[in-house]
Structures are given as C-alpha cells and as structure tokens.
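Visitor: Handing over run-v8.cif, mmCIF, C-alpha atoms and all ligand atoms.
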```
data_run
#
loop_
_atom_site.label_atom_id
_atom_site.label_comp_id
_atom_site.auth_asym_id
_atom_site.auth_seq_id
_atom_site.Cartn_x
_atom_site.Cartn_y
_atom_site.Cartn_z
CA MET A 1 -19.67 -7.60 -7.40
CA ARG A 2 -17.14 -9.55 -5.39
CA LEU A 3 -14.08 -7.79 -3.94
CA ARG A 4 -11.14 -9.65 -2.39
CA VAL A 5 -8.49 -7.50 -0.75
CA LEU A 6 -5.14 -9.16 -1.44
CA GLY A 7 -3.23 -6.11 -0.25
CA CYS A 8 -4.25 -2.67 0.96
CA HIS A 9 -1.13 -0.90 2.26
CA GLY A 10 1.44 1.52 0.90
CA GLY A 11 4.23 -0.94 1.72
CA GLU A 12 4.96 -4.35 3.20
CA SER A 13 5.75 -5.97 6.54
CA ALA A 14 4.76 -9.18 8.31
CA THR A 15 1.28 -7.71 8.78
CA HIS A 16 1.01 -5.32 5.83
CA ARG A 17 0.57 -6.12 2.15
CA ALA A 18 1.04 -3.84 -0.84
CA THR A 19 -1.98 -2.78 -2.90
CA CYS A 20 -3.88 -5.41 -4.90
CA PHE A 21 -7.64 -5.91 -5.27
CA LEU A 22 -9.34 -8.87 -6.98
CA ILE A 23 -12.73 -8.25 -8.60
CA ASN A 24 -15.07 -11.18 -9.44
CA ASP A 25 -12.07 -13.57 -9.26
CA SER A 26 -10.83 -12.53 -12.71
CA LEU A 27 -9.79 -8.87 -12.73
CA LEU A 28 -7.02 -7.31 -10.67
CA LEU A 29 -6.76 -3.66 -9.76
CA ASP A 30 -3.00 -3.22 -9.25
CA ALA A 31 -0.59 -6.02 -8.45
CA GLY A 32 1.26 -5.30 -5.22
CA ALA A 33 0.82 -8.30 -2.89
CA LEU A 34 -0.74 -10.58 -5.46
CA SER A 35 1.29 -13.78 -5.54
CA ARG A 36 1.24 -14.81 -1.90
CA GLY A 37 -2.51 -14.18 -1.59
CA LEU A 38 -3.58 -16.57 -4.36
CA SER A 39 -2.86 -20.17 -5.36
CA VAL A 40 -1.38 -20.73 -8.83
CA PRO A 41 -4.77 -21.91 -10.23
CA GLU A 42 -6.36 -18.74 -8.82
CA GLN A 43 -3.61 -16.68 -10.45
CA ALA A 44 -4.20 -18.48 -13.75
CA ALA A 45 -7.90 -17.54 -13.54
CA ILE A 46 -6.98 -13.84 -13.73
CA ASP A 47 -7.72 -12.55 -17.22
CA ALA A 48 -6.61 -8.96 -16.82
CA VAL A 49 -4.94 -6.42 -14.58
CA VAL A 50 -5.73 -2.72 -14.67
CA VAL A 51 -2.70 -0.88 -13.31
CA SER A 52 -3.29 2.56 -11.81
CA HIS A 53 0.34 3.71 -11.98
CA SER A 54 3.92 2.52 -12.14
CA HIS A 55 4.97 2.74 -8.47
CA LEU A 56 6.46 -0.47 -7.10
CA ASP A 57 3.85 -1.09 -4.40
CA HIS A 58 1.27 -1.37 -7.24
CA ILE A 59 3.17 -3.44 -9.85
CA ARG A 60 5.59 -5.51 -7.81
CA ASP A 61 4.08 -8.96 -8.42
CA LEU A 62 3.32 -8.58 -12.15
CA PRO A 63 6.60 -10.32 -13.08
CA LEU A 64 5.89 -13.20 -10.67
CA LEU A 65 2.35 -13.56 -12.01
CA ALA A 66 3.67 -13.75 -15.59
CA ASP A 67 6.14 -16.44 -14.53
CA ASN A 68 3.52 -18.47 -12.63
CA ILE A 69 1.02 -18.64 -15.51
CA ILE A 70 3.41 -19.71 -18.26
CA GLY A 71 2.56 -23.29 -19.17
CA VAL A 72 -0.59 -23.07 -17.03
CA LYS A 73 -2.90 -20.37 -18.46
CA ASN A 74 -4.21 -21.02 -21.97
CA LYS A 75 -4.59 -17.40 -23.03
CA PRO A 76 -2.62 -14.19 -22.56
CA LEU A 77 -2.71 -12.13 -19.39
CA ASP A 78 -3.75 -8.61 -20.39
CA ILE A 79 -2.20 -5.67 -18.52
CA HIS A 80 -4.20 -2.48 -19.13
CA CYS A 81 -2.51 0.82 -18.29
CA THR A 82 -1.77 4.26 -19.70
CA VAL A 83 1.16 4.81 -22.05
CA PRO A 84 3.47 6.26 -19.35
CA THR A 85 2.87 3.20 -17.17
CA ALA A 86 3.27 0.82 -20.13
CA ASP A 87 6.57 2.49 -20.98
CA ALA A 88 7.78 2.14 -17.40
CA LEU A 89 6.86 -1.58 -17.31
CA ALA A 90 8.66 -2.20 -20.62
CA LYS A 91 11.75 -0.19 -19.72
CA HIS A 92 12.19 -1.09 -16.06
CA ILE A 93 10.49 -4.46 -15.39
CA PHE A 94 9.97 -6.65 -18.47
CA ASN A 95 13.35 -5.57 -19.88
CA ASN A 96 15.28 -8.86 -19.91
CA HIS A 97 17.40 -7.60 -17.01
CA ILE A 98 15.08 -7.32 -14.03
CA TRP A 99 12.81 -9.97 -15.56
CA PRO A 100 12.30 -11.62 -18.97
CA ASP A 101 10.17 -9.77 -21.49
CA PHE A 102 7.04 -11.90 -21.22
CA THR A 103 5.36 -9.79 -23.90
CA LYS A 104 7.66 -11.58 -26.38
CA ILE A 105 7.58 -15.07 -24.89
CA PRO A 106 4.95 -17.50 -26.19
CA ASN A 107 3.05 -19.53 -23.63
CA PRO A 108 3.22 -23.29 -24.40
CA ALA A 109 -0.21 -23.77 -22.77
CA ASP A 110 -1.76 -21.33 -25.28
CA LYS A 111 -2.46 -23.09 -28.60
CA SER A 112 -2.95 -19.78 -30.45
CA ALA A 113 0.45 -19.63 -32.07
CA ASP A 114 0.95 -15.87 -32.08
CA ASN A 115 -0.02 -15.11 -28.49
CA PRO A 116 2.59 -13.94 -26.00
CA THR A 117 2.26 -14.82 -22.31
CA VAL A 118 1.51 -11.18 -21.42
CA ARG A 119 0.02 -8.37 -23.48
CA ILE A 120 0.39 -4.75 -22.35
CA LEU A 121 -2.61 -2.83 -23.70
CA PRO A 122 -2.44 0.96 -23.29
CA PHE A 123 -5.60 3.02 -22.79
CA GLU A 124 -6.21 6.77 -22.82
CA SER A 125 -6.89 8.45 -19.48
CA GLY A 126 -10.62 9.22 -19.31
CA SER A 127 -11.57 6.44 -21.68
CA THR A 128 -14.14 3.69 -21.09
CA PHE A 129 -13.56 0.12 -22.27
CA LYS A 130 -14.77 -3.43 -21.65
CA ILE A 131 -12.90 -6.30 -20.03
CA GLY A 132 -15.18 -9.32 -20.35
CA GLU A 133 -18.47 -8.39 -18.68
CA LEU A 134 -16.94 -5.47 -16.81
CA SER A 135 -16.91 -1.88 -17.96
CA ILE A 136 -13.79 0.08 -16.99
CA HIS A 137 -13.45 3.85 -16.87
CA THR A 138 -10.46 5.84 -15.60
CA VAL A 139 -9.91 9.36 -14.32
CA GLN A 140 -6.59 11.15 -13.89
CA VAL A 141 -5.72 11.82 -10.25
CA ASN A 142 -3.02 13.83 -8.50
CA HIS A 143 0.23 11.87 -7.97
CA PRO A 144 3.91 12.44 -8.96
CA VAL A 145 3.62 9.93 -11.84
CA ASP A 146 0.69 9.39 -14.20
CA CYS A 147 -2.00 7.80 -12.03
CA GLN A 148 -5.57 6.76 -12.82
CA ALA A 149 -8.57 6.27 -10.55
CA ILE A 150 -10.36 3.15 -11.82
CA PHE A 151 -14.15 2.77 -12.09
CA VAL A 152 -15.33 -0.85 -12.44
CA LYS A 153 -18.96 -1.46 -13.37
CA ASP A 154 -20.83 -4.77 -13.45
CA THR A 155 -24.54 -5.58 -13.30
CA HIS A 156 -24.62 -4.78 -9.56
CA GLY A 157 -23.12 -1.31 -9.74
CA THR A 158 -19.89 0.64 -9.92
CA LEU A 159 -16.88 0.31 -7.62
CA VAL A 160 -14.42 3.21 -7.64
CA PHE A 161 -10.75 2.83 -6.67
CA SER A 162 -9.13 6.23 -6.21
CA ALA A 163 -5.59 4.87 -6.55
CA ASP A 164 -2.84 7.01 -4.95
CA THR A 165 -3.81 10.66 -4.95
CA GLY A 166 -3.48 13.96 -3.23
CA PRO A 167 -6.33 16.49 -3.31
CA THR A 168 -8.19 16.40 -6.64
CA GLU A 169 -11.23 17.87 -8.36
CA ASN A 170 -11.53 15.48 -11.37
CA LEU A 171 -12.39 12.44 -9.32
CA TRP A 172 -15.24 14.09 -7.40
CA LYS A 173 -16.85 15.45 -10.54
CA GLU A 174 -17.14 11.95 -11.96
CA ILE A 175 -17.89 9.97 -8.82
CA ASN A 176 -20.69 12.37 -7.82
CA GLN A 177 -22.48 11.63 -11.10
CA LEU A 178 -22.79 7.89 -10.38
CA ASP A 179 -26.22 6.65 -9.38
CA ASP A 180 -24.98 3.06 -8.82
CA LEU A 181 -21.86 3.50 -6.64
CA VAL A 182 -21.46 0.35 -4.50
CA ALA A 183 -18.10 1.10 -2.84
CA PHE A 184 -15.35 3.69 -2.90
CA ILE A 185 -11.81 2.54 -2.14
CA TYR A 186 -9.97 5.68 -1.06
CA GLU A 187 -6.43 6.41 -0.07
CA VAL A 188 -4.94 7.68 3.17
CA SER A 189 -1.20 7.32 3.71
CA PHE A 190 0.44 9.50 6.34
CA PRO A 191 -0.53 10.77 9.82
CA ASN A 192 -1.59 14.40 10.28
CA ASN A 193 1.85 15.61 11.44
CA MET A 194 3.32 14.49 8.07
CA ARG A 195 1.06 16.67 5.94
CA GLN A 196 3.99 18.26 4.12
CA LEU A 197 5.27 14.87 2.97
CA ALA A 198 1.74 13.86 1.95
CA GLU A 199 1.43 17.04 -0.15
CA VAL A 200 4.72 16.62 -2.01
CA SER A 201 4.20 12.89 -2.59
CA GLY A 202 0.59 13.09 -3.80
CA HIS A 203 -1.06 11.40 -0.82
CA LEU A 204 -3.50 12.23 1.99
CA THR A 205 -3.50 12.48 5.77
CA PRO A 206 -6.73 11.87 7.72
CA GLU A 207 -7.25 15.66 8.01
CA MET A 208 -6.76 16.09 4.25
CA LEU A 209 -9.10 13.14 3.62
CA ALA A 210 -11.82 14.83 5.68
CA GLU A 211 -11.37 18.04 3.67
CA GLU A 212 -11.58 16.11 0.40
CA LEU A 213 -14.68 14.18 1.49
CA LYS A 214 -16.56 17.51 1.73
CA LYS A 215 -16.59 17.36 -2.09
CA PHE A 216 -18.10 13.84 -2.06
CA GLU A 217 -21.83 13.96 -2.75
CA PRO A 218 -22.77 10.33 -3.40
CA LYS A 219 -26.26 9.34 -4.56
CA THR A 220 -26.01 6.01 -2.72
CA ASP A 221 -24.92 4.85 0.77
CA ALA A 222 -21.69 3.35 -0.49
CA PRO A 223 -18.98 2.60 2.11
CA VAL A 224 -15.63 4.40 1.91
CA LEU A 225 -12.96 1.70 2.24
CA LEU A 226 -9.58 3.14 3.19
CA TYR A 227 -6.33 1.70 1.85
CA HIS A 228 -2.66 2.65 1.42
CA LEU A 229 -1.90 3.25 5.11
CA LYS A 230 1.89 3.27 5.38
CA PRO A 231 3.07 0.32 7.51
CA GLY A 232 5.01 2.44 10.02
CA TYR A 233 1.98 4.52 11.05
CA THR A 234 -0.98 2.15 10.87
CA ASP A 235 -2.02 2.38 14.53
CA LEU A 236 -1.73 6.17 14.64
CA LEU A 237 -3.59 6.47 11.34
CA LYS A 238 -6.44 4.25 12.60
CA GLN A 239 -6.72 6.44 15.70
CA GLN A 240 -6.77 9.66 13.64
CA ILE A 241 -9.32 8.16 11.23
CA ALA A 242 -11.55 7.14 14.17
CA GLU A 243 -11.32 10.69 15.52
CA LEU A 244 -12.93 11.96 12.30
CA GLY A 245 -16.16 10.31 13.50
CA ASP A 246 -17.30 9.53 9.95
CA SER A 247 -19.38 6.33 10.03
CA ARG A 248 -18.88 5.73 6.28
CA LEU A 249 -15.16 5.02 6.78
CA THR A 250 -13.77 1.48 7.11
CA VAL A 251 -10.04 0.69 7.16
CA LEU A 252 -9.37 -2.32 4.92
CA LYS A 253 -7.41 -5.37 6.07
CA PRO A 254 -5.57 -7.88 3.88
CA MET A 255 -7.81 -10.79 2.85
CA ASP A 256 -11.05 -8.88 3.56
CA GLU A 257 -13.87 -9.99 1.25
CA PHE A 258 -17.01 -8.09 0.23
CA ASP A 259 -20.05 -8.74 -1.93
CA PHE A 260 -21.72 -5.61 -3.24
ZN ZN A 301 1.23 3.36 -3.53
ZN ZN A 302 2.12 5.79 -5.86
#
```
Any chance you could put this one into structure tokens?
Guide:
Amino acid sequence: MRLRVLGCHGGESATHRATCFLINDSLLLDAGALSRGLSVPEQAAIDAVVVSHSHLDHIRDLPLLADNIIGVKNKPLDIHCTVPTADALAKHIFNNHIWPDFTKIPNPADKSADNPTVRILPFESGSTFKIGELSIHTVQVNHPVDCQAIFVKDTHGTLVFSADTGPTENLWKEINQLDDLVAFIYEVSFPNNMRQLAEVSGHLTPEMLAEELKKFEPKTDAPVLLYHLKPGYTDLLKQQIAELGDSRLTVLKPMDEFDF
C-alpha cells in the first residue's frame, strides 16, 4: 500500500498543510491540502474521497478538486461520507453560494449522459464497503461533529486513520483485532498545557496520547504516524512527543511517502 502525505496538520501556514492522505494514487482520505500537492492529471486520477468529518481542515479543497476535474476526468468523483457530513457538504459547500453544486453539473468529459461531476455517497458508521480494490471500514470516534476513523485494506494489509478524536474506546476494540495492521495514523493536536481545550474540542495532547496508547495492543509492529499538530505549537509538540520515549511514534511531514 502506497501512502502519500499531502497534508498532515490541523491548520495551514507556509510550512503546514491541512489533512489529506493519498492511498495508491487513487483514493483520498480527507481533502485539506489537496490541490497544491498534486498536478491536475494527478487530481483527475483520484476516483474517490472518504471524508472523516465536516471540519474545514478536512474538506477545504473538495470544491477546488471538483472544479479542476470538470472537462478532464471521464467519470464522476465519488465522495463517501456519513449522512451528517453529506448534509454539511450539501448545505454549506456545494450550495451554489460558496461553490456551484457539482453534484448537479454534468461533466463534458464523461460520455455517460446522466453522470454528475461529483457524487456524494453516504455510508453508515461501522459499515464496510469496497472502493475499487480497496475495502473500507469506519468506526465512530470522539469529536464535536460526527467523525469516523477510516480503515483501508488492500492486499498488503490494513492502514488505520484515526481522524480527529479525543479519548475513545471504540477505535481500540477494532484496531486491536487486526492481524494485518501496516500503519496507524493517529492524531495529536495541542501541547500538554492545553489539555482542557483538547478535551472540549475532541483532540489529544501528547500526555493524553500516551494514556490512550495503553489501550493499543497491536498484533503487528505497525508504526504510529502522528498528524494534526496545530501549526502554532509544532515545535513544542515535537519536543513533548519525543519526551514520551515511544519508538513507535513518527511525526508526519507534508509530502512524506511510504510503502507498506
Ligand atoms: Zn482537523
Ligand atoms: Zn475536526
């Protein structure tokens, strides 16, 4: 399984990019900093996006992606998300005010007459479904809006993306059952002195992360790849993560690439 990190932060600056992961060149997990990390042909090669939740740092570039592929991509872009996230995208993004409703606009490059440029395809939390060769499974996590951890399985194993979450039990129950875990992308957002903000906003500090990882009983030696560091605290967060002394932890950087 190939992972390209297009963005791995909980915000943006000159050196930080909002969350977006590309799997096997064709599936996106979230769509934060998507557009500026990929050429238009690379964007047109994306068949589907699984969106964890509706927060802006995870959906921001969906409208730009839809615009870039019209007239270029010869089939619809499928956006998979839960009903609350689908409703938010329809009401607040593809609403003909912020951006055109690309779910109603045909794509001239697509010869199938009835196809829109974008299809929003809701799934049930906890369900398992196929996107091409990949098997997708989601698990509800702990965040102020509906938010899904995303399990992606191909022939090499399963990658788990926690999405944004505070402390949770659901995720550990499911991840600990996997016998083919290849990588775990896990969130950490705020430094230890901001624990109260982390708790109310459904995020983790390094101390909270260490407490949560006590519930992690993996059957493989999968790396734990940390994302969602808030841009204002990256250096302090890296220091506090290093102080945990956990050799499984790696802090992701934009444009990192992995083969699992
Ligand atoms: Zn976020
Ligand atoms: Zn969020």
Visitor: Just the residues within 12 Å of range 153-156 of chain A, please, counting only C-alpha atoms, with nothing from its chain fewer than 3 positions along; format it as a CSV table (one decimal) with C-alpha atoms, in the coordinates of the input.
Guide:
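As written to disk, around_2.csv reads:
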```
chain,number,residue,atom,x,y,z
A,1,MET,CA,-19.7,-7.6,-7.4
A,2,ARG,CA,-17.1,-9.6,-5.4
A,23,ILE,CA,-12.7,-8.2,-8.6
A,24,ASN,CA,-15.1,-11.2,-9.4
A,27,LEU,CA,-9.8,-8.9,-12.7
A,128,THR,CA,-14.1,3.7,-21.1
A,129,PHE,CA,-13.6,0.1,-22.3
A,130,LYS,CA,-14.8,-3.4,-21.6
A,131,ILE,CA,-12.9,-6.3,-20.0
A,132,GLY,CA,-15.2,-9.3,-20.4
A,133,GLU,CA,-18.5,-8.4,-18.7
A,134,LEU,CA,-16.9,-5.5,-16.8
A,135,SER,CA,-16.9,-1.9,-18.0
A,136,ILE,CA,-13.8,0.1,-17.0
A,137,HIS,CA,-13.4,3.8,-16.9
A,138,THR,CA,-10.5,5.8,-15.6
A,150,ILE,CA,-10.4,3.2,-11.8
A,159,LEU,CA,-16.9,0.3,-7.6
A,160,VAL,CA,-14.4,3.2,-7.6
A,161,PHE,CA,-10.8,2.8,-6.7
A,178,LEU,CA,-22.8,7.9,-10.4
A,179,ASP,CA,-26.2,6.6,-9.4
A,180,ASP,CA,-25.0,3.1,-8.8
A,181,LEU,CA,-21.9,3.5,-6.6
A,182,VAL,CA,-21.5,0.4,-4.5
A,183,ALA,CA,-18.1,1.1,-2.8
A,259,ASP,CA,-20.0,-8.7,-1.9
A,260,PHE,CA,-21.7,-5.6,-3.2
```
Visitor: Counting only C-alpha atoms and all ligand atoms, which protein, DNA or RNA residues come within 7 Å of ligand ZN 301 (chain A), given as a VMD selection string?
Guide: chain A and resid 10 19 55 57 to 58 164 228
Visitor: Rank nothing, just name the residue among A:Gln148, A:Asn107, A:Asn176, A:Gln239 nearest to Ile70 in chain A, using all atoms listed in the file.
Guide: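 Distance minimum relative to Ile70 in chain A lands on A:Asn107.
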Visitor: CA of Val51 in chain A and CA of Gly166 in chain A, how far apart in Å?
Guide: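 Calculated distance between CA of Gly166 in chain A and CA of Val51 in chain A is 18.0 Å.
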Visitor: By how many Å are CA of Thr158 in chain A and CA of Arg36 in chain A apart?
Guide: 27.4 Å
Visitor: List all protein, DNA and RNA residues that have an atom no more than 8 Å from any atom of ligand ZN 302 (chain A), counting all atoms listed in the file, and report them as a PyMOL selection string.
Guide: chain A and resi 53-58+143-145+147+163-165+202
Visitor: Do a neighbour search on Arg17 in chain A at 7 Å with all atoms listed in the file, toss out local chain neighbours closer than 4 positions, and write the hits as a PDB file with C-alpha atoms, keeping the file's coordinate frame.
Guide:
```pdb
ATOM      1  CA  GLY A   7      -3.230  -6.110  -0.250  1.00  0.00           C
ATOM      2  CA  CYS A   8      -4.250  -2.670   0.960  1.00  0.00           C
ATOM      3  CA  HIS A   9      -1.130  -0.900   2.260  1.00  0.00           C
ATOM      4  CA  GLY A  11       4.230  -0.940   1.720  1.00  0.00           C
ATOM      5  CA  GLU A  12       4.960  -4.350   3.200  1.00  0.00           C
ATOM      6  CA  SER A  13       5.750  -5.970   6.540  1.00  0.00           C
ATOM      7  CA  ALA A  33       0.820  -8.300  -2.890  1.00  0.00           C
ATOM      8  CA  PRO A 254      -5.570  -7.880   3.880  1.00  0.00           C
TER       9      PRO A 254
END
```
Visitor: Looking at A:Leu64, A:His203, A:Ile93, A:Ile185, which one is nearest to Leu29 in chain A, with distances taken over all atoms listed in the file?
Guide: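 That would be A:Ile185, the residue with the smallest distance to Leu29 in chain A.
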Visitor: Fewer than 4 positions away in the same chain doesn't count, so skip those; otherwise give me all residues within 8 Å of Asp78 in chain A, counting only C-alpha atoms, as a PyMOL selection string.
Guide: chain A and resi 47-49+118-121
Visitor: Write out as number ranges by chain each polymer residue whose atoms come within 9 Å of Ala90 in chain A, counting all atoms listed in the file; drop sequence neighbours fewer than 4 positions from it.
Guide: A: 85-86, 94-95, 101, 103, 120
Visitor: Contacts of range 40-46 of chain A at 9 Å or less, counting all atoms listed in the file, minus same-chain residues fewer than 2 places along, as a list of chain:residue names?
Guide: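 Neighbouring residues, sequence-local ones excluded: A:Leu22, A:Asp25, A:Ser26, A:Leu27, A:Leu28, A:Leu34, A:Ser35, A:Leu38, A:Ala48, A:Val49, A:Leu65, A:Asn68, A:Ile69, A:Ile70, A:Val72, A:Lys73, A:Asn74, A:Leu77.
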Visitor: To one decimal in Å, tell me the separation between CA of Asn115 in chain A and CA of Trp99 in chain A.
Guide: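 So the two atoms, CA of Asn115 in chain A and CA of Trp99 in chain A, lie 18.9 Å apart.
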